[in-house]
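Here's the structure, in structure tokens; my notes come after.
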Amino acid sequence: EKGVEQEIDNEVSKIHQCLLQHTDEVASIKARPSFKWKDLVSFYLECEDRQGKSIQLGKRGAGLRRLLMVAYFQYLAQRESVPDRPRTQIYGIEEPETYLHPGAQRTLLRSFETIASRDQVLVTSHSPVFAGSTDITSVILVTRENGVAKVQEGKDVDLEKVAKELGVEPSDQVFGFKACVFVEGEKDIEFLETVTKILKEAGHIPHTLADVGVGIIAVGGSDSLRHWITRNSLKRINRRYAILIDSDRKSLSDNVPQRKLNCKRQCEDEGGLFFITKKRELENYLHPDAIKQNCGKNDPFNDFTDMKALFGENVITAVKHMSADQILERDKYVENGQERHEILEIIRACLSLVET
């Protein structure tokens, strides 16, 4: 029994560490197991606050209980790479957005996406955050017409109707720029803004993207519903755009996922520019010296290393320590015997979206 209790405590402790990312209200969580071997093992959770008062989780507020749910799924997502992982499971979650602010919803969604790489996650939601950030091929629309439930999925889904039903709107930012570059996340914006500034100061480009009115906007993956809606809005107002996404390749022999290639073809057919990184993600273009200066780590890595797992979620901030020469060293590739520079070429192409 002591061994089982210790294992439960270890797991609960890991969930608590995830919870601390959202609130410092709970100083510790203790599992209180009850051993009745004919019924296996049951337990409840007891939360201790900063004043040392312990209260059963079931008696805490709904907001805290929901944050613990977020922490639990973060923990499950982190277990994805654990050896001897349990068999594939199915998770069903009804309206997970309840009592959660949008930031926590996005954190929960990222955990669902990680878990869904091996397990099946079914979510019913009225949240624009969940709907807008979801791969459009994974959206199922259920409506009721004349008392009869109607289900649309896959290619049959009316995306305009989904957007209207859930209030998913295009990014308001697009209307303030002459052209737009869509990226997957806020950290990608930081990378591009910093790199363009460094390259301009070194004389490799005449302007930054901001100088000429090209906005960099994070809208999630290239096949998310919000991305689709925003792209359609740009077409309506005749604005040019480019899309930059990570290849997510884990080795040189890996192929770019077909759904990304399909999106590239569709966007280029619409007149947009579409770039898929040759390396795994933008973090793989960071220079080792900049990473060492930023976080003090000097671990070896290659073009397909999971950089966030190796150096931390904020490794991208190392870009501010890079010189122009280091940027050109890291983005260099050879094509038809000619040395070329991937990031520099992407930035120049994005600058060409507007006349200067």
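We label chains A, B, ... in the order they appear in the structure tokens, count residues from 1 in each chain, and number ligands from 1 in the order shown.
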
Q | A:Cys18 surroundings by only C-alpha atoms, 8 Å radius, close-in-sequence under 2 positions cut, as JSON, numbers by chain | A | {"A": [14, 15, 16, 20, 21, 22, 71, 72, 74, 75]}

Could you pull the residues within 9 Å of A:Ile29, counting only C-alpha atoms, minus those fewer than 3 positions along the same chain, as a tab-separated table (two decimals) with all heavy atoms, in the first residue's frame?
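out.tsv was written with the following content:
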chain	number	residue	atom	x	y	z
A	9	ASP	N	1.10	9.85	-5.15
A	9	ASP	CA	1.63	11.15	-4.75
A	9	ASP	C	2.57	11.72	-5.80
A	9	ASP	O	2.57	12.93	-6.08
A	9	ASP	CB	2.37	11.04	-3.41
A	9	ASP	CG	1.43	11.12	-2.21
A	9	ASP	OD1	0.30	11.63	-2.39
A	9	ASP	OD2	1.81	10.67	-1.12
A	12	VAL	N	0.39	13.03	-8.67
A	12	VAL	CA	-0.33	14.23	-8.26
A	12	VAL	C	0.62	15.42	-8.16
A	12	VAL	O	0.28	16.55	-8.51
A	12	VAL	CB	-1.05	13.99	-6.91
A	12	VAL	CG1	-1.60	15.30	-6.35
A	12	VAL	CG2	-2.18	12.99	-7.09
A	13	SER	N	1.85	15.17	-7.72
A	13	SER	CA	2.85	16.24	-7.62
A	13	SER	C	3.16	16.83	-8.99
A	13	SER	O	3.32	18.05	-9.15
A	13	SER	CB	4.13	15.70	-6.98
A	13	SER	OG	5.14	16.69	-6.96
A	15	ILE	N	1.12	16.88	-11.57
A	15	ILE	CA	-0.06	17.66	-11.97
A	15	ILE	C	-0.04	19.02	-11.26
A	15	ILE	O	-0.37	20.05	-11.85
A	15	ILE	CB	-1.35	16.89	-11.65
A	15	ILE	CG1	-1.41	15.60	-12.48
A	15	ILE	CG2	-2.59	17.75	-11.91
A	15	ILE	CD1	-2.54	14.66	-12.09
A	16	HIS	N	0.37	19.02	-9.99
A	16	HIS	CA	0.45	20.27	-9.23
A	16	HIS	C	1.44	21.24	-9.87
A	16	HIS	O	1.19	22.46	-9.94
A	16	HIS	CB	0.85	19.99	-7.78
A	16	HIS	CG	0.96	21.22	-6.94
A	16	HIS	ND1	2.13	21.59	-6.31
A	16	HIS	CD2	0.05	22.19	-6.65
A	16	HIS	CE1	1.93	22.72	-5.66
A	16	HIS	NE2	0.68	23.11	-5.84
A	26	VAL	N	-2.82	27.33	-4.76
A	26	VAL	CA	-2.69	26.02	-4.12
A	26	VAL	C	-1.21	25.73	-3.84
A	26	VAL	O	-0.42	25.60	-4.77
A	26	VAL	CB	-3.29	24.90	-4.99
A	26	VAL	CG1	-3.11	23.54	-4.32
A	26	VAL	CG2	-4.76	25.17	-5.26
A	45	LEU	N	-8.63	14.17	-3.58
A	45	LEU	CA	-7.53	15.12	-3.53
A	45	LEU	C	-7.82	16.20	-2.50
A	45	LEU	O	-8.94	16.70	-2.40
A	45	LEU	CB	-7.31	15.76	-4.90
A	45	LEU	CG	-6.89	14.82	-6.03
A	45	LEU	CD1	-6.74	15.59	-7.33
A	45	LEU	CD2	-5.59	14.11	-5.69
A	46	GLU	N	-6.79	16.55	-1.78
A	46	GLU	CA	-6.88	17.58	-0.76
A	46	GLU	C	-5.90	18.68	-1.10
A	46	GLU	O	-4.71	18.42	-1.29
A	46	GLU	CB	-6.55	16.97	0.61
A	46	GLU	CG	-7.04	17.78	1.78
A	46	GLU	CD	-6.88	16.99	3.08
A	46	GLU	OE1	-5.74	16.97	3.59
A	46	GLU	OE2	-7.86	16.40	3.56
A	47	CYS	N	-6.39	19.91	-1.23
A	47	CYS	CA	-5.55	21.05	-1.62
A	47	CYS	C	-5.23	21.90	-0.40
A	47	CYS	O	-6.14	22.26	0.36
A	47	CYS	CB	-6.25	21.91	-2.66
A	47	CYS	SG	-6.70	21.02	-4.17
A	48	GLU	N	-3.97	22.23	-0.25
A	48	GLU	CA	-3.56	23.10	0.85
A	48	GLU	C	-3.27	24.49	0.30
A	48	GLU	O	-2.50	24.63	-0.66
A	48	GLU	CB	-2.32	22.54	1.54
A	48	GLU	CG	-1.85	23.39	2.72
A	48	GLU	CD	-0.65	22.77	3.42
A	48	GLU	OE1	-0.77	21.62	3.88
A	48	GLU	OE2	0.39	23.45	3.49
A	54	SER	N	-6.16	23.02	4.56
A	54	SER	CA	-6.45	21.96	3.59
A	54	SER	C	-7.95	21.84	3.36
A	54	SER	O	-8.73	21.81	4.32
A	54	SER	CB	-5.89	20.62	4.09
A	54	SER	OG	-4.48	20.65	4.11
A	57	LEU	N	-10.73	18.90	-2.79
A	57	LEU	CA	-10.87	19.53	-4.10
A	57	LEU	C	-12.34	19.74	-4.46
A	57	LEU	O	-12.71	20.78	-5.02
A	57	LEU	CB	-10.19	18.67	-5.17
A	57	LEU	CG	-10.32	19.18	-6.61
A	57	LEU	CD1	-9.63	20.52	-6.76
A	57	LEU	CD2	-9.75	18.16	-7.58

Q: Kindly indicate which residue among A:Thr196, A:Gln56, A:Asn10, A:Asn302 lies nearest to A:Leu286, using only C-alpha atoms for the distances.
A: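 Result for the nearest residue to A:Leu286: A:Asn302.
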
(Q) Could you check the closest approach to A:Asp24 for each of A:Glu5, A:Glu184, A:Asp306, A:Asp49 and tell me which residue wins, using only C-alpha atoms? (A)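 Checking each of A:Glu5, A:Glu184, A:Asp306, A:Asp49 against A:Asp24, counting only C-alpha atoms, the winner is A:Asp49.
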
**Q.** Interatomic distance, atom CA of A:Pro33 to atom CA of A:Phe73 (Å, one decimal)
**A.** 21.4 Å

**Q.** Among the residues A:Ile276, A:Val70, A:Ala77, A:Ala210, the one that comes closest to A:Pro257 [using only C-alpha atoms]
**A.** A:Ile276

(Q) Residues within 8 Å of A:Thr88, please, as a ChimeraX atom specification. Count only C-alpha atoms; anything in the same chain fewer than 3 positions from it doesn't count. (A) /A:118-120

Q | For A:Ser253: contacts at 12 Å, only C-alpha atoms, fewer than 3 positions along chain excluded, given as an MDAnalysis selection string | A | chainID A and resid 249:250 256 278:280 303:304
